[in-house]
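Visitor: Just passing along the structure, written as structure tokens.
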Amino acid sequence: MDYVEFVYSKVPVGAISLNIAETTSSEPTLVMLHGVTRKWQTFLPIVAPLALRHRLLMVDFRGHGLSDRATDGYLVANYIDDVCELICKHVDGPVFLYGHSLGAMTAAGVAAKLHDTVAAIVMEDPPLHAMGQRISDTSMLNYFTAVSAFAGSTDSVASIAKDLGDAQFLDPVKSLRHRIGATRDGAQLRFAASCLQKLDPNVFGPMLNGNWLEGFDVDKVFSNLKCPALLLQADVAAGGMLTNDDADHVLALNADLVRVRFEGVAHGMHWTATPRLLNTVLPFLESVR
């Protein structure tokens, strides 16, 4: 399939509406959930192969993309509640979930709540406690502080991309300052800028305040997963966010969790290791059908 046609709509969930892009197909639904600060288009590198065997439902999270901004918060638990309601209202039959980063944690939380409604989940490098109780020990606190200045900007994409590339953040482990433009190319900076233009600045509040995981109990969530689950782990040394300690811990909580490590691959695995990722995800999803 070289061409995927999407139908766009806004779906009410609670007091807000979520922007979704979906394909028309009689195949089982695969809901795709992006990372924090991004939008559904982040998955464009992998949608065509996935659309061969699934009806895709791509979501802009609250406060992201074309979805409404929310007044009741941006905790991981809020994103989970939104997706649970979206699935119950908008999807017939068992559903598959694919999530990256925040989306991966959301997928786990949704599956732990909806049980038989979820057939399987794929979690791409969920940060877990690296974005929770240990965020101040990583570069992410300084990175999000720097990036937050561009959220909701009315400047042009080109202008935001230039300023974003020049922005710097501190790695407290190595005591080094990094220029954001040195971590990605110009095209990726433009995409990040286009995402930040549409982002509610309040999205950053819980992360910067250290309470992003409030209401999200990692042990409870992973112990309550009742479906097959694939855990894709990027390489921390290359910019991954799921630590070995966190991965080992959740594996010990659930025997039906499959872990695949991607050595030398950074956090955005669907962009930087697309063929390898698909060669892992597609057979896993087929094993559940």
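Ordering of the structure tokens sets the chain letters (A, B, ...); residue numbers start at 1 within each chain; ligands are numbered from 1 in the order shown.
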Quick one: residues within 10 Å of A:Arg69, only C-alpha atoms counted, chain neighbours fewer than 2 positions away excluded, as a ChimeraX atom specification?
Guide: /A:15-18,61-67,71-74,198-203
Visitor: For the residues selected in the previous step, produce a file with C-alpha atoms as a tab-separated table (two decimals), in the first residue's frame.
Guide:
chain	number	residue	atom	x	y	z
A	15	ALA	CA	-15.34	18.47	28.24
A	16	ILE	CA	-13.02	18.52	25.21
A	17	SER	CA	-12.81	17.13	21.68
A	18	LEU	CA	-9.91	15.14	20.28
A	61	PHE	CA	-3.70	14.16	22.55
A	62	ARG	CA	-5.40	16.91	24.56
A	63	GLY	CA	-3.54	20.17	24.14
A	64	HIS	CA	-1.64	18.83	21.11
A	65	GLY	CA	-2.14	19.27	17.37
A	66	LEU	CA	-5.72	20.16	16.50
A	67	SER	CA	-7.26	18.75	19.69
A	71	THR	CA	-8.45	23.03	31.76
A	72	ASP	CA	-8.43	19.95	34.01
A	73	GLY	CA	-4.79	19.00	33.59
A	74	TYR	CA	-2.10	17.23	31.61
A	198	LYS	CA	-0.03	23.89	18.13
A	199	LEU	CA	0.92	22.95	21.69
A	200	ASP	CA	-0.76	24.28	24.84
A	201	PRO	CA	2.09	25.65	27.04
A	202	ASN	CA	0.32	24.16	30.08
A	203	VAL	CA	1.27	20.68	28.84
Visitor: Need the shell around A:Trp212: protein/DNA/RNA residues with any atom at most 9 Å away, counting only C-alpha atoms. Skip same-chain ones fewer than 6 positions apart. Format as a VMD selection string?
Guide: chain A and resid 74 to 77 131 to 132 205 to 206
Visitor: Excluding A:Asp185 and residues on its chain fewer than 4 positions from it, collect all residues at most 12 Å away from it, counting only C-alpha atoms, and give them as a PyMOL selection string.
Guide: chain A and resi 161-162+164-165+179-181+189-192+272
Visitor: Those residues you just picked out, can you put them in a file as a compact mmCIF listing (two decimals), in the first residue's frame with C-alpha atoms?
Guide:
# COMPACT_ATOMS: atom_id res chain seq x y z
CA ALA A 161 12.95 26.08 14.11
CA LYS A 162 15.91 28.47 14.03
CA LEU A 164 14.78 26.00 18.79
CA GLY A 165 17.96 24.82 17.12
CA ARG A 179 22.53 22.69 21.58
CA ILE A 180 19.17 21.24 20.46
CA GLY A 181 20.15 21.78 16.83
CA LEU A 189 13.64 20.86 13.73
CA ARG A 190 10.94 22.17 11.40
CA PHE A 191 8.61 19.31 12.30
CA ALA A 192 9.24 19.89 16.02
CA THR A 272 15.50 6.52 13.17
Visitor: Mind checking which residues fall within 10 Å of stretch 225-228 of chain A, counting only C-alpha atoms, ignoring those fewer than 3 positions away in the same chain, and posting them as a VMD selection string?
Guide: chain A and resid 96 108 to 122 220 to 222 253 to 258 284 to 285 287 to 288
Visitor: Write out as a PyMOL selection string the residues lying within 12 Å of A:Ala48, counting only C-alpha atoms and excluding same-chain residues fewer than 6 positions away.
Guide: chain A and resi 1-6+23+54-56+274+278+282
Visitor: Give the strand (DSSP E or B) residues of stretch 46-87 of chain A, as DSSP finds them on the backbone, and put them as a list in words.
Guide: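 Matching residues for strand (DSSP E or B) in stretch 46-87 of chain A are Arg55, Leu56, Leu57, Met58 and Val59 of chain A.
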